[in-house]
file target.pdb (PDB, C-alpha atoms, pLDDT in the B column)
MODEL        1
ATOM      1  CA  MET A  28      78.123 101.741  92.914  1.00 82.00           C
ATOM      2  CA  THR A  29      78.377  98.676  95.158  1.00 93.00           C
ATOM      3  CA  LYS A  30      80.485  99.198  98.279  1.00 97.00           C
ATOM      4  CA  ARG A  31      83.295  96.676  98.792  1.00 98.00           C
ATOM      5  CA  ILE A  32      84.103  95.240 102.190  1.00 98.00           C
ATOM      6  CA  LEU A  33      87.221  93.262 103.011  1.00 98.00           C
ATOM      7  CA  LEU A  34      86.441  90.688 105.708  1.00 98.00           C
ATOM      8  CA  VAL A  35      89.523  89.226 107.419  1.00 97.00           C
ATOM      9  CA  ASP A  36      88.915  86.408 109.906  1.00 96.00           C
ATOM     10  CA  ASP A  37      90.526  83.020 110.469  1.00 95.00           C
ATOM     11  CA  GLU A  38      87.237  81.322 111.421  1.00 93.00           C
ATOM     12  CA  PRO A  39      85.591  79.950 108.242  1.00 96.00           C
ATOM     13  CA  ASP A  40      82.121  79.789 109.841  1.00 94.00           C
ATOM     14  CA  VAL A  41      82.294  83.460 110.805  1.00 92.00           C
ATOM     15  CA  VAL A  42      83.435  84.386 107.305  1.00 95.00           C
ATOM     16  CA  THR A  43      80.596  82.377 105.743  1.00 97.00           C
ATOM     17  CA  VAL A  44      77.885  83.951 107.922  1.00 94.00           C
ATOM     18  CA  MET A  45      79.259  87.495 107.685  1.00 94.00           C
ATOM     19  CA  LYS A  46      79.798  87.243 103.921  1.00 97.00           C
ATOM     20  CA  PHE A  47      76.245  85.985 103.375  1.00 97.00           C
ATOM     21  CA  THR A  48      74.783  88.711 105.595  1.00 96.00           C
ATOM     22  CA  LEU A  49      76.747  91.497 103.932  1.00 97.00           C
ATOM     23  CA  GLU A  50      76.091  90.271 100.387  1.00 98.00           C
ATOM     24  CA  THR A  51      72.380  89.912 101.172  1.00 97.00           C
ATOM     25  CA  ASN A  52      72.466  93.600 102.086  1.00 97.00           C
ATOM     26  CA  GLY A  53      74.042  94.607  98.786  1.00 97.00           C
ATOM     27  CA  PHE A  54      77.757  94.708  99.566  1.00 98.00           C
ATOM     28  CA  GLN A  55      80.541  93.089  97.586  1.00 98.00           C
ATOM     29  CA  VAL A  56      82.644  91.035 100.020  1.00 98.00           C
ATOM     30  CA  ILE A  57      86.293  90.117  99.611  1.00 98.00           C
ATOM     31  CA  THR A  58      87.602  87.573 102.122  1.00 98.00           C
ATOM     32  CA  ALA A  59      90.941  86.746 103.680  1.00 98.00           C
ATOM     33  CA  TYR A  60      91.713  84.155 106.347  1.00 97.00           C
ATOM     34  CA  ASP A  61      94.803  85.601 108.036  1.00 96.00           C
ATOM     35  CA  GLY A  62      96.381  88.980 108.567  1.00 95.00           C
ATOM     36  CA  GLN A  63      99.049  88.606 105.894  1.00 96.00           C
ATOM     37  CA  GLU A  64      96.480  87.674 103.234  1.00 97.00           C
ATOM     38  CA  GLY A  65      94.325  90.559 104.446  1.00 97.00           C
ATOM     39  CA  LEU A  66      97.189  93.010 103.967  1.00 97.00           C
ATOM     40  CA  GLY A  67      97.676  91.922 100.361  1.00 97.00           C
ATOM     41  CA  LYS A  68      93.979  92.065  99.556  1.00 98.00           C
ATOM     42  CA  ALA A  69      93.569  95.477 101.210  1.00 97.00           C
ATOM     43  CA  LYS A  70      96.247  96.947  98.965  1.00 96.00           C
ATOM     44  CA  GLU A  71      94.975  95.133  95.880  1.00 96.00           C
ATOM     45  CA  ALA A  72      91.212  95.723  96.259  1.00 96.00           C
ATOM     46  CA  ASN A  73      91.138  99.144  97.950  1.00 95.00           C
ATOM     47  CA  PRO A  74      87.891  98.316  99.813  1.00 98.00           C
ATOM     48  CA  ASP A  75      85.468 100.858 101.269  1.00 97.00           C
ATOM     49  CA  LEU A  76      85.621  99.149 104.704  1.00 96.00           C
ATOM     50  CA  ILE A  77      87.822  96.532 106.350  1.00 96.00           C
ATOM     51  CA  ILE A  78      86.392  94.216 109.017  1.00 95.00           C
ATOM     52  CA  LEU A  79      89.165  92.576 111.055  1.00 91.00           C
ATOM     53  CA  ASP A  80      89.332  89.872 113.635  1.00 90.00           C
ATOM     54  CA  VAL A  81      91.997  90.684 116.228  1.00 85.00           C
ATOM     55  CA  LEU A  82      93.589  87.296 116.954  1.00 84.00           C
ATOM     56  CA  MET A  83      94.629  85.714 113.654  1.00 86.00           C
ATOM     57  CA  PRO A  84      97.562  83.724 112.287  1.00 88.00           C
ATOM     58  CA  LYS A  85     100.518  85.390 110.576  1.00 93.00           C
ATOM     59  CA  LEU A  86      99.530  88.941 111.592  1.00 88.00           C
ATOM     60  CA  PHE A  87      97.148  90.061 114.341  1.00 86.00           C
ATOM     61  CA  GLY A  88      94.311  92.347 113.270  1.00 85.00           C
ATOM     62  CA  ASP A  89      95.415  95.241 115.474  1.00 81.00           C
ATOM     63  CA  ASP A  90      98.921  95.038 113.958  1.00 87.00           C
ATOM     64  CA  LEU A  91      97.416  94.868 110.469  1.00 92.00           C
ATOM     65  CA  ALA A  92      95.344  97.972 111.210  1.00 89.00           C
ATOM     66  CA  LYS A  93      98.502  99.852 112.262  1.00 88.00           C
ATOM     67  CA  ILE A  94     100.229  98.906 109.010  1.00 93.00           C
ATOM     68  CA  LEU A  95      97.204  99.929 106.939  1.00 94.00           C
ATOM     69  CA  LYS A  96      96.811 103.272 108.734  1.00 90.00           C
ATOM     70  CA  GLU A  97     100.506 104.097 108.221  1.00 92.00           C
ATOM     71  CA  ASP A  98     100.352 103.411 104.454  1.00 95.00           C
ATOM     72  CA  PRO A  99      99.029 106.419 102.513  1.00 96.00           C
ATOM     73  CA  SER A 100      97.317 104.122  99.984  1.00 95.00           C
ATOM     74  CA  THR A 101      95.166 102.472 102.692  1.00 95.00           C
ATOM     75  CA  ALA A 102      95.196 105.033 105.521  1.00 93.00           C
ATOM     76  CA  ASN A 103      91.698 106.367 104.838  1.00 93.00           C
ATOM     77  CA  ILE A 104      89.928 103.008 104.756  1.00 95.00           C
ATOM     78  CA  PRO A 105      87.758 102.643 107.874  1.00 92.00           C
ATOM     79  CA  VAL A 106      88.553  99.620 110.037  1.00 91.00           C
ATOM     80  CA  LEU A 107      86.000  97.739 112.130  1.00 89.00           C
ATOM     81  CA  PHE A 108      87.311  95.205 114.626  1.00 85.00           C
ATOM     82  CA  LEU A 109      85.068  92.158 114.969  1.00 87.00           C
ATOM     83  CA  THR A 110      86.435  89.992 117.758  1.00 82.00           C
ATOM     84  CA  ASN A 111      85.549  87.184 120.106  1.00 76.00           C
ATOM     85  CA  LEU A 112      87.975  88.448 122.724  1.00 69.00           C
ATOM     86  CA  PRO A 113      86.385  88.764 126.127  1.00 61.00           C
ATOM     87  CA  LEU A 114      84.843  92.113 126.847  1.00 50.00           C
ATOM     88  CA  SER A 115      87.424  92.569 129.619  1.00 55.00           C
ATOM     89  CA  TYR A 116      90.169  92.620 126.957  1.00 57.00           C
ATOM     90  CA  LEU A 117      88.413  95.424 125.127  1.00 48.00           C
ATOM     91  CA  THR A 118      87.277  97.412 128.156  1.00 47.00           C
ATOM     92  CA  GLY A 119      89.513  96.252 131.014  1.00 49.00           C
ATOM     93  CA  SER A 120      91.902  98.548 132.791  1.00 45.00           C
ATOM     94  CA  GLU A 121      94.952  96.970 131.161  1.00 52.00           C
ATOM     95  CA  ARG A 122      93.826  97.744 127.643  1.00 50.00           C
ATOM     96  CA  PRO A 123      90.512  99.556 127.361  1.00 48.00           C
ATOM     97  CA  GLY A 124      88.623  99.504 124.073  1.00 51.00           C
ATOM     98  CA  ALA A 125      89.550 103.114 123.417  1.00 54.00           C
ATOM     99  CA  GLN A 126      93.196 102.183 123.951  1.00 57.00           C
ATOM    100  CA  LEU A 127      92.863  99.290 121.469  1.00 55.00           C
ATOM    101  CA  GLN A 128      91.536 101.769 118.933  1.00 52.00           C
ATOM    102  CA  ARG A 129      94.368 104.257 119.566  1.00 55.00           C
ATOM    103  CA  ASP A 130      97.095 101.612 119.612  1.00 55.00           C
ATOM    104  CA  SER A 131      95.982 100.003 116.377  1.00 52.00           C
ATOM    105  CA  LYS A 132      94.629 103.148 114.751  1.00 53.00           C
ATOM    106  CA  GLY A 133      91.367 101.279 114.160  1.00 55.00           C
ATOM    107  CA  ASN A 134      88.114 103.160 113.827  1.00 61.00           C
ATOM    108  CA  PHE A 135      85.517 100.975 115.563  1.00 67.00           C
ATOM    109  CA  TYR A 136      85.109  97.640 117.308  1.00 64.00           C
ATOM    110  CA  ILE A 137      82.259  95.267 118.098  1.00 71.00           C
ATOM    111  CA  SER A 138      82.105  91.887 119.793  1.00 69.00           C
ATOM    112  CA  LYS A 139      81.273  88.773 117.750  1.00 73.00           C
ATOM    113  CA  SER A 140      79.371  87.395 120.723  1.00 68.00           C
TER     114      SER A 140
ENDMDL
END

call {"tool": "encode", "arguments": {"input": "target.pdb", "output": "structure tokens"}}
result
Amino acid sequence: MTKRILLVDDEPDVVTVMKFTLETNGFQVITAYDGQEGLGKAKEANPDLIILDVLMPKLFGDDLAKILKEDPSTANIPVLFLTNLPLSYLTGSERPGAQLQRDSKGNFYISKS
């Protein structure tokens, strides 16, 4: 059975490259271009993994992850943050990466760069 990944990012070039890469590796990819659209597609498609940008229009990725993790129908879907935020945002003393994960209830994060 093909695993489904929901990719939510407001940068079309990132979506194009990531979608191609994931599909080339055998995954079915569902795309959304803002947090609100991502929320609807997450509930509709019930993907095996959600890849989220953090800074997006309509609903930030970390806020979307909180909503998804609090909803029993989506709470068990792993979330991977894919962001272009500076490393200092993810690991700095004000909001370390581990804190981003706890605050948003996300599972993992990696840098786009």

call {"tool": "residues_around", "arguments": {"input": "target.pdb", "residues": "range 60-71 of chain A", "least_positions_apart": "5", "cutoff": "7 Å", "atoms": "only C-alpha atoms", "output": "PyMOL selection string"}}
result
chain A and resi 33+35-37+83-88+91+101

call {"tool": "resolve_selection", "arguments": {"input": "target.pdb", "expression": "the PyMOL selection byres ((chain A and resi 48-55) around 8)", "output": "PyMOL selection string"}}
result
chain A and resi 29-32+44-47+56-57

call {"tool": "atom_distance", "arguments": {"input": "target.pdb", "atom1": "CA of Ile104 in chain A", "atom2": "CA of Asp40 in chain A"}}
result
25.0 Å

call {"tool": "closest_residue", "arguments": {"input": "target.pdb", "among": "A:Ala92, A:Leu76, A:Ala59, A:Ser100", "to": "Val41 in chain A", "atoms": "only C-alpha atoms"}}
result
A:Ala59

call {"tool": "closest_residue", "arguments": {"input": "target.pdb", "among": "A:Asn73, A:Asp80, A:Asp90, A:Pro39", "to": "Lys139 in chain A", "atoms": "only C-alpha atoms"}}
result
A:Asp80

call {"tool": "atom_distance", "arguments": {"input": "target.pdb", "atom1": "CA of Met28 in chain A", "atom2": "CA of Asp75 in chain A"}}
result
11.2 Å

call {"tool": "atom_distance", "arguments": {"input": "target.pdb", "atom1": "CA of Val42 in chain A", "atom2": "CA of Pro99 in chain A"}}
result
27.4 Å
